[in-house]
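Engineer: Structure provided below as structure tokens; questions to follow.
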Amino acid sequence: MKALELLLEEASAVSAPGGFPDHPHRGFETVTYMLQGAMIHEDFEGHKGRIEVGDLQWMTAGKGIVHSEIPSSIGTQRGLQLWINLSSKHKMIEPRYQEIHNENIVEATREGVKVRVIAGEALGVKSPIYTKTPTMYLDFTLVPGSRIEQPIPTGWNAFVYVLEGDGGVFGSMKLMPTVTPHHLLLLGNGDGLEVWNKSSTKTLRFILVGGEPLNESVVQLGPFVMNTQEEIDQTVEDFENCTNGFERARHWKSS
């Protein structure tokens with residue numbers, strides 16, 4: 001595995017008292033995008049926050065973080081979490097966060113198409129989010145009968161994940177079937193994506209994620225993503241001994 005994107009999870013049944021209690025990460029980034037409800041985040045460096053519908057948290061775990069993600073309200077919380085790999089030169093950087101509230105995510109509209117630009121650029125607008133590796137993360141909504149062409153740099157890894165609507169055609173109108181929600185399409189090498197919403201009544205909503213390949217080996221053990229087995233073994237030892245980035249884990253518990 002040499003991709004930039006490691007994992008995409010749609011959490012659609014997370015409700016109190018569930019969630020994701022104290023757990024570690026090292027070597028990659030998590031991008032959490034709320035679709036319904038709200039979550040409270042807390043970590044051993046003292047960072048605490050709440051993200052609600054439309055909000056985004058871009059967390060760079062770097063050399064190590066222990067945190068919790070817990071529902072903050074009664075009912076179902078729904079969101080997407082994307083794991084983005086870090087290159088070998090960035091795996092041991094200091095942890096950092098970029099949190100953007102719903103009203104501050106840049107948007108653009110054109111001829112029945114709306115896009116929320118989480119990372120990268122679309123329809124002439126650019127996200128303020130800083131990414132260690134060139135990355136795009138776009139949330140598109142197409143009204144019935146509309147279409148969009150979105151450039152993707154040649155050689156990038158990219159995929160589409162459909163959130164809503166059953167009239168989406170990705171690629172050729174003549175050759176491609178419609179794609180229903182909760183399906184993921186891996187895109188081949190090219191210079192862009194063309195999408196139609198063939199439905200006469202339903203809007204189509206999907207995310208487009210892409211990034212420049214790192215072309216490095218990947219070794220993963222649960223919440224740790226490194227380049228070699230030796231680095232994974234060292235990470236496990238660091239976490240168990242609360243050393244080399246995990247020092248604060250010795251005495252910390254989320255509230």
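Naming works like this for the structure tokens: A, B, ... for the chains as they're shown, residue 1 at the start of each chain, ligands 1 onward in shown order.
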Using only C-alpha atoms, tabulate the residues of stretch 34-100 of chain A lying at most 12 Å from any atom of stretch 148-162 of chain A, each with its closest atom pair and that distance in Å to one decimal, by chain and increasing residue number, as JSON lines.
Structural biologist:
{"residue": "A:Leu80", "atom": "CA", "partner": "A:Tyr161", "partner_atom": "CA", "distance": 10.3}
{"residue": "A:Leu82", "atom": "CA", "partner": "A:Tyr161", "partner_atom": "CA", "distance": 11.4}
{"residue": "A:Ile84", "atom": "CA", "partner": "A:Asn157", "partner_atom": "CA", "distance": 11.8}
Engineer: Using DSSP on the backbone coordinates, identify the residues of stretch 33-249 of chain A assigned to strand (DSSP E); present them as a ChimeraX atom specification.
Structural biologist: /A:33-36,38-43,48-52,56-60,65-71,77-85,96-100,107-110,113-119,121-122,125-126,135-142,147-151,157-164,168-170,184-186,192-197,204-211,219-221,224-226
Engineer: Compile the contact shell of A:Ser127 as a list in words: residues with an atom at most 10 Å away, counting only C-alpha atoms, same-chain residues fewer than 6 positions apart removed.
Structural biologist: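 These residues fall inside the cut-off: Asn104, Ile105, Val106, Glu107, Arg116, Val117, Ile118, Ala119, Gly120, Glu121, Met136, Tyr137 and Leu138 of chain A.
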Engineer: Restricting it to all heavy atoms, dump the selection as a compact mmCIF listing (two decimals), in the first residue's frame.
Structural biologist:
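Saved result, part.txt, follows:
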# COMPACT_ATOMS: atom_id res chain seq x y z
N ASN A 104 -17.65 28.88 8.13
CA ASN A 104 -16.36 29.32 7.62
C ASN A 104 -15.77 28.41 6.54
O ASN A 104 -14.68 28.67 6.03
CB ASN A 104 -15.36 29.45 8.77
CG ASN A 104 -15.75 30.55 9.75
OD1 ASN A 104 -16.27 31.59 9.35
ND2 ASN A 104 -15.52 30.31 11.03
N ILE A 105 -16.48 27.33 6.21
CA ILE A 105 -16.04 26.48 5.09
C ILE A 105 -16.46 27.17 3.79
O ILE A 105 -17.63 27.50 3.60
CB ILE A 105 -16.64 25.07 5.19
CG1 ILE A 105 -16.05 24.33 6.40
CG2 ILE A 105 -16.36 24.28 3.91
CD1 ILE A 105 -16.58 22.94 6.60
N VAL A 106 -15.51 27.39 2.91
CA VAL A 106 -15.80 28.14 1.69
C VAL A 106 -16.68 27.32 0.75
O VAL A 106 -16.55 26.09 0.66
CB VAL A 106 -14.50 28.58 0.98
CG1 VAL A 106 -13.74 29.57 1.83
CG2 VAL A 106 -13.63 27.38 0.63
N GLU A 107 -17.59 28.01 0.06
CA GLU A 107 -18.52 27.36 -0.85
C GLU A 107 -18.57 28.13 -2.17
O GLU A 107 -18.23 29.31 -2.23
CB GLU A 107 -19.93 27.32 -0.25
CG GLU A 107 -20.07 26.50 1.01
CD GLU A 107 -21.51 26.43 1.50
OE1 GLU A 107 -22.38 27.10 0.88
OE2 GLU A 107 -21.77 25.72 2.47
N ARG A 116 -18.73 22.51 -1.34
CA ARG A 116 -18.06 22.96 -0.12
C ARG A 116 -16.61 22.50 -0.24
O ARG A 116 -16.33 21.30 -0.36
CB ARG A 116 -18.72 22.38 1.13
CG ARG A 116 -20.21 22.57 1.18
CD ARG A 116 -20.78 22.19 2.55
NE ARG A 116 -20.59 23.29 3.49
CZ ARG A 116 -20.25 23.14 4.77
NH1 ARG A 116 -20.01 21.93 5.25
NH2 ARG A 116 -20.12 24.20 5.55
N VAL A 117 -15.69 23.44 -0.19
CA VAL A 117 -14.28 23.13 -0.45
C VAL A 117 -13.57 22.95 0.89
O VAL A 117 -13.16 23.92 1.54
CB VAL A 117 -13.61 24.23 -1.29
CG1 VAL A 117 -12.18 23.83 -1.62
CG2 VAL A 117 -14.41 24.49 -2.56
N ILE A 118 -13.45 21.70 1.31
CA ILE A 118 -12.80 21.38 2.57
C ILE A 118 -11.28 21.47 2.43
O ILE A 118 -10.58 22.00 3.29
CB ILE A 118 -13.25 19.99 3.05
CG1 ILE A 118 -14.77 20.03 3.36
CG2 ILE A 118 -12.46 19.52 4.26
CD1 ILE A 118 -15.38 18.68 3.55
N ALA A 119 -10.78 20.92 1.34
CA ALA A 119 -9.35 21.04 1.01
C ALA A 119 -9.23 21.11 -0.49
O ALA A 119 -10.00 20.49 -1.21
CB ALA A 119 -8.56 19.86 1.57
N GLY A 120 -8.27 21.88 -0.96
CA GLY A 120 -8.07 22.01 -2.39
C GLY A 120 -8.85 23.16 -2.99
O GLY A 120 -9.12 24.16 -2.32
N GLU A 121 -9.28 22.99 -4.25
CA GLU A 121 -9.92 24.08 -4.99
C GLU A 121 -10.99 23.53 -5.91
O GLU A 121 -10.83 22.46 -6.50
CB GLU A 121 -8.87 24.85 -5.79
CG GLU A 121 -9.39 26.05 -6.54
CD GLU A 121 -8.29 26.84 -7.23
OE1 GLU A 121 -7.11 26.46 -7.06
OE2 GLU A 121 -8.62 27.81 -7.93
N MET A 136 -7.16 17.08 -2.04
CA MET A 136 -8.46 17.71 -2.26
C MET A 136 -9.52 16.92 -1.50
O MET A 136 -9.46 15.70 -1.37
CB MET A 136 -8.83 17.78 -3.74
CG MET A 136 -9.10 16.46 -4.42
SD MET A 136 -9.93 16.65 -6.04
CE MET A 136 -8.85 17.79 -6.87
N TYR A 137 -10.50 17.66 -0.94
CA TYR A 137 -11.63 17.07 -0.25
C TYR A 137 -12.80 18.00 -0.54
O TYR A 137 -12.90 19.09 0.00
CB TYR A 137 -11.34 16.99 1.25
CG TYR A 137 -12.32 16.17 2.09
CD1 TYR A 137 -11.88 15.49 3.22
CD2 TYR A 137 -13.67 16.11 1.79
CE1 TYR A 137 -12.75 14.75 4.01
CE2 TYR A 137 -14.54 15.37 2.57
CZ TYR A 137 -14.08 14.70 3.68
OH TYR A 137 -14.95 13.99 4.46
N LEU A 138 -13.70 17.56 -1.42
CA LEU A 138 -14.78 18.40 -1.93
C LEU A 138 -16.13 17.74 -1.66
O LEU A 138 -16.29 16.53 -1.89
CB LEU A 138 -14.61 18.63 -3.43
CG LEU A 138 -13.24 19.14 -3.89
CD1 LEU A 138 -13.17 19.17 -5.41
CD2 LEU A 138 -12.95 20.52 -3.30
Engineer: If we count only C-alpha atoms, what is near stretch 93-103 of chain A at a cut-off of 8 Å, once residues fewer than 6 positions away on the same chain are taken out, given as a list in words?
Structural biologist: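 Non-adjacent residues within range: Ile51, Glu52, Val53, Gly54, Asp55, Leu56, Gln57, Trp58, Met59, Thr60, Ala61, Gly62, Lys63, Gly64, Ile65 and Ile129 of chain A.
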Engineer: Please compute the atom CA of A:Arg147-atom CA of A:Gly211 distance, one decimal, in Å.
Structural biologist: 22.9 Å
Engineer: Which residue, A:Val195, A:Met226, A:His183, A:Lys89, has the smallest gap to A:Phe140 when you use only C-alpha atoms?
Structural biologist: A:Val195
Engineer: Which is closest to A:Leu221 among A:Asp139, A:Ser72, A:Glu10, A:Gly27, if we use only C-alpha atoms?
Structural biologist: A:Gly27
